[in-house]
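Just below is one structure, and these are the notes that go with it.
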Amino acid sequence: MPRNPFYNTNWHGQLASAEAALAEARRGEAAAPFGSAEHRTALAWLDAARTAQRNAWRMQFETIAAYARWRFGGLADARDGFALDRDMAAFISIEEVDTAYEYALRDEREVTLEQRFRLETGQPAGLMAFAEGGETISSWRRFGELDCMVSFCIAEGLVHLCLAHPWGGLALKSNEIFRGIATQLARETLVLQVPEAAKLFHNEGHRLARHRELIRQVNGLAAKLRFYRHLLPERGLREEFCRVDMVWNGAGWIDPDWSAQVYDKLPLALREAAGQPALTALPSGHLPLR
């Protein structure tokens with residue numbers, strides 16, 4: 001195991017002297033006229049004092065591994081995978097430890113910034129859909145030019161479908177595009193349950209009196225569909241997960257209500273689904289729908 005070249009059994013005394021010299025250098029820098037030759041000399045003195053203090057602090061660690069454990073010990077374990085996974089005994093120099101620490105610190109800061117825009121992962125109060133232990137099925141689908149992660153589950157006798165996509169994915173026609181996608185998914189779901197329902201979605205079939213019983217059956221099934229939207233965080237926009245209530249007109253959805261229920265947490269199943277890499281070849285959707 002590599003030894004620390006700065007190790008000194010008298011590190012306490014060395015550190016005390018270095019800190020006293022650093023304090024004196026700070027006073028000298030503060031007293032010198034700003035921008036003068038004296039000030040530039042004081043700045044160089046201060047820089048040298050900081051380096052001496054840092055080296056004195058390193059003297060307490062007998063091995064490089066001991067220094068690495070101390071250096072990485074201040075990072076948040078839950079966010080810093082490097083600090084958890086790296087073999088501390090593999091470091092061979094103080095400089096290598098410091099370089100690796102700076103990379104890990106940068107990564108931690110980036111994760112912290114990302115967390116500000118992400119919802120907490122957990123089951124929202126009162127929501128049984130997409131719960132842990134349930135059977136949530138998720139896959140990427142392409143609808144026109146928009147790629148969505150579609151998640152499906154059955155809970156409390158209702159069919160729940162969630163569309164996950166970037167904030168800007170629906171552009172300026174968000175109501176129309178979301179309604180169209182939801183209509184397509186609803187029709188697919190209804191036809192799977194009642195194959196005869198396909199005739200209702202063509203040539204105004206949902207308005208014909210001769211289909212009265214079929215219309216009643218399909219409308220009853222449509223009433224059990226619940227839709228959700230998961231907006232992925234991007235460009236400083238916060239992640240959002242909400243239920244979208246709509247009116248079923250017999251053949252499709254109208255009047256999306258984006259504020260029906262906004263949740264403060266995102267179910268684990270949806271978090272894991274959104275993290276799946278998009279496929280290079282996706283099935284095509286059939287927008288626009290009417």
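Lettering and numbering for the structure tokens are positional, with chains as A, B, ... in the shown order, residues counted from 1 in each chain, and ligands counted from 1 in the shown order.
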* Check segment 170-228 of chain A with DSSP on the backbone and list each residue it calls alpha helix (DSSP H), as a PyMOL selection string. => chain A and resi 174-193+212-222
Show me, as a VMD selection string, the residues that have an atom within 12 Å of Gly205 of chain A when counting only C-alpha atoms, minus same-chain residues fewer than 5 positions from it. chain A and resid 196 to 200 210 to 212 214 to 215 250 to 251
Output file for the residues above (all heavy atoms, as a PDB file, in the first residue's frame):
```pdb
ATOM      1  N   GLU A 196     -65.651  -5.906 -31.673  1.00  0.00           N
ATOM      2  CA  GLU A 196     -66.690  -5.265 -32.479  1.00  0.00           C
ATOM      3  C   GLU A 196     -66.673  -3.746 -32.348  1.00  0.00           C
ATOM      4  O   GLU A 196     -67.282  -3.029 -33.145  1.00  0.00           O
ATOM      5  CB  GLU A 196     -68.070  -5.780 -32.065  1.00  0.00           C
ATOM      6  CG  GLU A 196     -68.280  -7.257 -32.316  1.00  0.00           C
ATOM      7  CD  GLU A 196     -67.726  -8.114 -31.170  1.00  0.00           C
ATOM      8  OE1 GLU A 196     -67.156  -7.525 -30.210  1.00  0.00           O
ATOM      9  OE2 GLU A 196     -67.837  -9.342 -31.256  1.00  0.00           O
ATOM     10  N   ALA A 197     -65.967  -3.236 -31.328  1.00  0.00           N
ATOM     11  CA  ALA A 197     -65.940  -1.785 -31.107  1.00  0.00           C
ATOM     12  C   ALA A 197     -65.284  -1.038 -32.243  1.00  0.00           C
ATOM     13  O   ALA A 197     -65.511   0.167 -32.415  1.00  0.00           O
ATOM     14  CB  ALA A 197     -65.211  -1.475 -29.793  1.00  0.00           C
ATOM     15  N   ALA A 198     -64.476  -1.721 -33.055  1.00  0.00           N
ATOM     16  CA  ALA A 198     -63.783  -1.052 -34.159  1.00  0.00           C
ATOM     17  C   ALA A 198     -64.748  -0.340 -35.086  1.00  0.00           C
ATOM     18  O   ALA A 198     -64.432   0.722 -35.645  1.00  0.00           O
ATOM     19  CB  ALA A 198     -62.945  -2.075 -34.932  1.00  0.00           C
ATOM     20  N   LYS A 199     -65.962  -0.889 -35.269  1.00  0.00           N
ATOM     21  CA  LYS A 199     -66.926  -0.283 -36.193  1.00  0.00           C
ATOM     22  C   LYS A 199     -67.432   1.068 -35.691  1.00  0.00           C
ATOM     23  O   LYS A 199     -67.922   1.883 -36.479  1.00  0.00           O
ATOM     24  CB  LYS A 199     -68.102  -1.232 -36.416  1.00  0.00           C
ATOM     25  CG  LYS A 199     -68.981  -1.440 -35.186  1.00  0.00           C
ATOM     26  CD  LYS A 199     -70.156  -2.371 -35.461  1.00  0.00           C
ATOM     27  CE  LYS A 199     -69.677  -3.797 -35.649  1.00  0.00           C
ATOM     28  NZ  LYS A 199     -70.832  -4.745 -35.754  1.00  0.00           N
ATOM     29  N   LEU A 200     -67.303   1.316 -34.399  1.00  0.00           N
ATOM     30  CA  LEU A 200     -67.769   2.588 -33.847  1.00  0.00           C
ATOM     31  C   LEU A 200     -66.835   3.741 -34.204  1.00  0.00           C
ATOM     32  O   LEU A 200     -67.259   4.909 -34.148  1.00  0.00           O
ATOM     33  CB  LEU A 200     -67.885   2.496 -32.317  1.00  0.00           C
ATOM     34  CG  LEU A 200     -68.819   1.429 -31.751  1.00  0.00           C
ATOM     35  CD1 LEU A 200     -68.846   1.526 -30.239  1.00  0.00           C
ATOM     36  CD2 LEU A 200     -70.224   1.570 -32.327  1.00  0.00           C
ATOM     37  N   ARG A 210     -78.392   1.813 -34.592  1.00  0.00           N
ATOM     38  CA  ARG A 210     -78.323   0.350 -34.601  1.00  0.00           C
ATOM     39  C   ARG A 210     -77.164  -0.202 -33.756  1.00  0.00           C
ATOM     40  O   ARG A 210     -77.125  -1.389 -33.452  1.00  0.00           O
ATOM     41  CB  ARG A 210     -78.195  -0.157 -36.039  1.00  0.00           C
ATOM     42  CG  ARG A 210     -76.904   0.203 -36.757  1.00  0.00           C
ATOM     43  CD  ARG A 210     -76.850  -0.470 -38.123  1.00  0.00           C
ATOM     44  NE  ARG A 210     -75.643  -0.203 -38.862  1.00  0.00           N
ATOM     45  CZ  ARG A 210     -75.481   0.826 -39.695  1.00  0.00           C
ATOM     46  NH1 ARG A 210     -76.488   1.699 -39.864  1.00  0.00           N
ATOM     47  NH2 ARG A 210     -74.350   1.000 -40.351  1.00  0.00           N
ATOM     48  N   HIS A 211     -76.247   0.672 -33.351  1.00  0.00           N
ATOM     49  CA  HIS A 211     -75.123   0.240 -32.511  1.00  0.00           C
ATOM     50  C   HIS A 211     -75.353   0.599 -31.046  1.00  0.00           C
ATOM     51  O   HIS A 211     -74.411   0.586 -30.259  1.00  0.00           O
ATOM     52  CB  HIS A 211     -73.814   0.892 -32.993  1.00  0.00           C
ATOM     53  CG  HIS A 211     -73.400   0.466 -34.360  1.00  0.00           C
ATOM     54  ND1 HIS A 211     -72.621   1.267 -35.182  1.00  0.00           N
ATOM     55  CD2 HIS A 211     -73.647  -0.676 -35.058  1.00  0.00           C
ATOM     56  CE1 HIS A 211     -72.406   0.638 -36.324  1.00  0.00           C
ATOM     57  NE2 HIS A 211     -73.027  -0.541 -36.274  1.00  0.00           N
ATOM     58  N   ARG A 212     -76.619   0.870 -30.703  1.00  0.00           N
ATOM     59  CA  ARG A 212     -76.915   1.416 -29.384  1.00  0.00           C
ATOM     60  C   ARG A 212     -76.329   0.567 -28.249  1.00  0.00           C
ATOM     61  O   ARG A 212     -75.666   1.076 -27.339  1.00  0.00           O
ATOM     62  CB  ARG A 212     -78.425   1.571 -29.200  1.00  0.00           C
ATOM     63  CG  ARG A 212     -78.797   2.242 -27.869  1.00  0.00           C
ATOM     64  CD  ARG A 212     -80.294   2.413 -27.733  1.00  0.00           C
ATOM     65  NE  ARG A 212     -80.826   3.327 -28.751  1.00  0.00           N
ATOM     66  CZ  ARG A 212     -81.576   2.954 -29.772  1.00  0.00           C
ATOM     67  NH1 ARG A 212     -81.899   1.663 -29.938  1.00  0.00           N
ATOM     68  NH2 ARG A 212     -82.031   3.831 -30.643  1.00  0.00           N
ATOM     69  N   LEU A 214     -73.947  -1.709 -28.307  1.00  0.00           N
ATOM     70  CA  LEU A 214     -72.482  -1.738 -28.378  1.00  0.00           C
ATOM     71  C   LEU A 214     -71.894  -0.423 -27.874  1.00  0.00           C
ATOM     72  O   LEU A 214     -70.889  -0.411 -27.146  1.00  0.00           O
ATOM     73  CB  LEU A 214     -72.036  -1.996 -29.819  1.00  0.00           C
ATOM     74  CG  LEU A 214     -70.527  -2.048 -30.074  1.00  0.00           C
ATOM     75  CD1 LEU A 214     -69.875  -3.150 -29.240  1.00  0.00           C
ATOM     76  CD2 LEU A 214     -70.240  -2.253 -31.564  1.00  0.00           C
ATOM     77  N   ILE A 215     -72.545   0.672 -28.242  1.00  0.00           N
ATOM     78  CA  ILE A 215     -72.082   1.989 -27.792  1.00  0.00           C
ATOM     79  C   ILE A 215     -72.127   2.071 -26.270  1.00  0.00           C
ATOM     80  O   ILE A 215     -71.176   2.552 -25.629  1.00  0.00           O
ATOM     81  CB  ILE A 215     -72.954   3.105 -28.416  1.00  0.00           C
ATOM     82  CG1 ILE A 215     -72.702   3.178 -29.917  1.00  0.00           C
ATOM     83  CG2 ILE A 215     -72.661   4.447 -27.758  1.00  0.00           C
ATOM     84  CD1 ILE A 215     -73.671   4.082 -30.653  1.00  0.00           C
ATOM     85  N   GLY A 250     -67.701   9.171 -27.225  1.00  0.00           N
ATOM     86  CA  GLY A 250     -68.185   7.986 -27.917  1.00  0.00           C
ATOM     87  C   GLY A 250     -67.167   7.421 -28.889  1.00  0.00           C
ATOM     88  O   GLY A 250     -67.216   6.233 -29.227  1.00  0.00           O
ATOM     89  N   ALA A 251     -66.246   8.263 -29.350  1.00  0.00           N
ATOM     90  CA  ALA A 251     -65.227   7.805 -30.291  1.00  0.00           C
ATOM     91  C   ALA A 251     -63.842   8.332 -29.954  1.00  0.00           C
ATOM     92  O   ALA A 251     -62.848   7.877 -30.508  1.00  0.00           O
ATOM     93  CB  ALA A 251     -65.580   8.225 -31.708  1.00  0.00           C
TER      94      ALA A 251
END
```
Show which residues sit within 10 Å of Gln261 of chain A, as a ChimeraX atom specification. Count only C-alpha atoms, and ignore same-chain residues fewer than 2 positions away.
/A:228,241-245,257-259,263-264
What's around segment 42-55 of chain A at 6 Å? Count only C-alpha atoms, leave out sequence neighbours fewer than 3 positions away in its own chain, and write the answer as a PDB file with N, CA, C and O atoms, in the first residue's frame.
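Result saved to around-v2.pdb:
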```pdb
ATOM      1  N   ALA A  18       1.808  26.180  10.098  1.00  0.00           N
ATOM      2  CA  ALA A  18       1.341  26.539   8.766  1.00  0.00           C
ATOM      3  C   ALA A  18       0.094  27.405   8.838  1.00  0.00           C
ATOM      4  O   ALA A  18      -0.065  28.352   8.050  1.00  0.00           O
ATOM      5  N   GLU A  19      -0.800  27.114   9.762  1.00  0.00           N
ATOM      6  CA  GLU A  19      -2.025  27.910   9.881  1.00  0.00           C
ATOM      7  C   GLU A  19      -1.721  29.306  10.410  1.00  0.00           C
ATOM      8  O   GLU A  19      -2.359  30.290  10.006  1.00  0.00           O
ATOM      9  N   LEU A  22      -0.372  31.196   7.502  1.00  0.00           N
ATOM     10  CA  LEU A  22      -1.454  31.537   6.586  1.00  0.00           C
ATOM     11  C   LEU A  22      -2.235  32.748   7.092  1.00  0.00           C
ATOM     12  O   LEU A  22      -2.590  33.644   6.319  1.00  0.00           O
ATOM     13  N   ALA A  25      -0.199  35.786   6.430  1.00  0.00           N
ATOM     14  CA  ALA A  25      -0.201  36.126   5.010  1.00  0.00           C
ATOM     15  C   ALA A  25      -1.509  36.800   4.612  1.00  0.00           C
ATOM     16  O   ALA A  25      -1.516  37.727   3.782  1.00  0.00           O
ATOM     17  N   GLU A  29      -1.863  40.536   2.953  1.00  0.00           N
ATOM     18  CA  GLU A  29      -2.557  40.784   1.689  1.00  0.00           C
ATOM     19  C   GLU A  29      -3.628  41.843   1.864  1.00  0.00           C
ATOM     20  O   GLU A  29      -3.826  42.702   0.999  1.00  0.00           O
ATOM     21  N   HIS A  39       1.146  44.561  -3.220  1.00  0.00           N
ATOM     22  CA  HIS A  39      -0.021  43.674  -3.183  1.00  0.00           C
ATOM     23  C   HIS A  39       0.228  42.394  -3.965  1.00  0.00           C
ATOM     24  O   HIS A  39      -0.149  41.303  -3.533  1.00  0.00           O
ATOM     25  N   ARG A  58      -2.047  17.316   5.097  1.00  0.00           N
ATOM     26  CA  ARG A  58      -1.877  15.976   4.536  1.00  0.00           C
ATOM     27  C   ARG A  58      -0.920  15.115   5.358  1.00  0.00           C
ATOM     28  O   ARG A  58      -0.896  13.896   5.201  1.00  0.00           O
TER      29      ARG A  58
END
```
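For the set A:Leu266, A:Val159, A:Ile64, A:Ala186, the residue with the smallest atom-to-atom gap to Thr121 of chain A is A:Leu266, counting only C-alpha atoms.
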Shortest contact to Glu96 of chain A, candidates A:Glu120, A:Ala260, A:Arg71, A:Phe34, atoms counted only C-alpha atoms, goes to A:Arg71
Point to revise | Long-range neighbours of Arg271 of chain A as a ChimeraX atom specification, 12 Å cut-off, only C-alpha atoms, 5 positions minimum in chain | key: /A:118-123,130-132,136,138,149,151,162,164,230-233,239-241,265-266,276
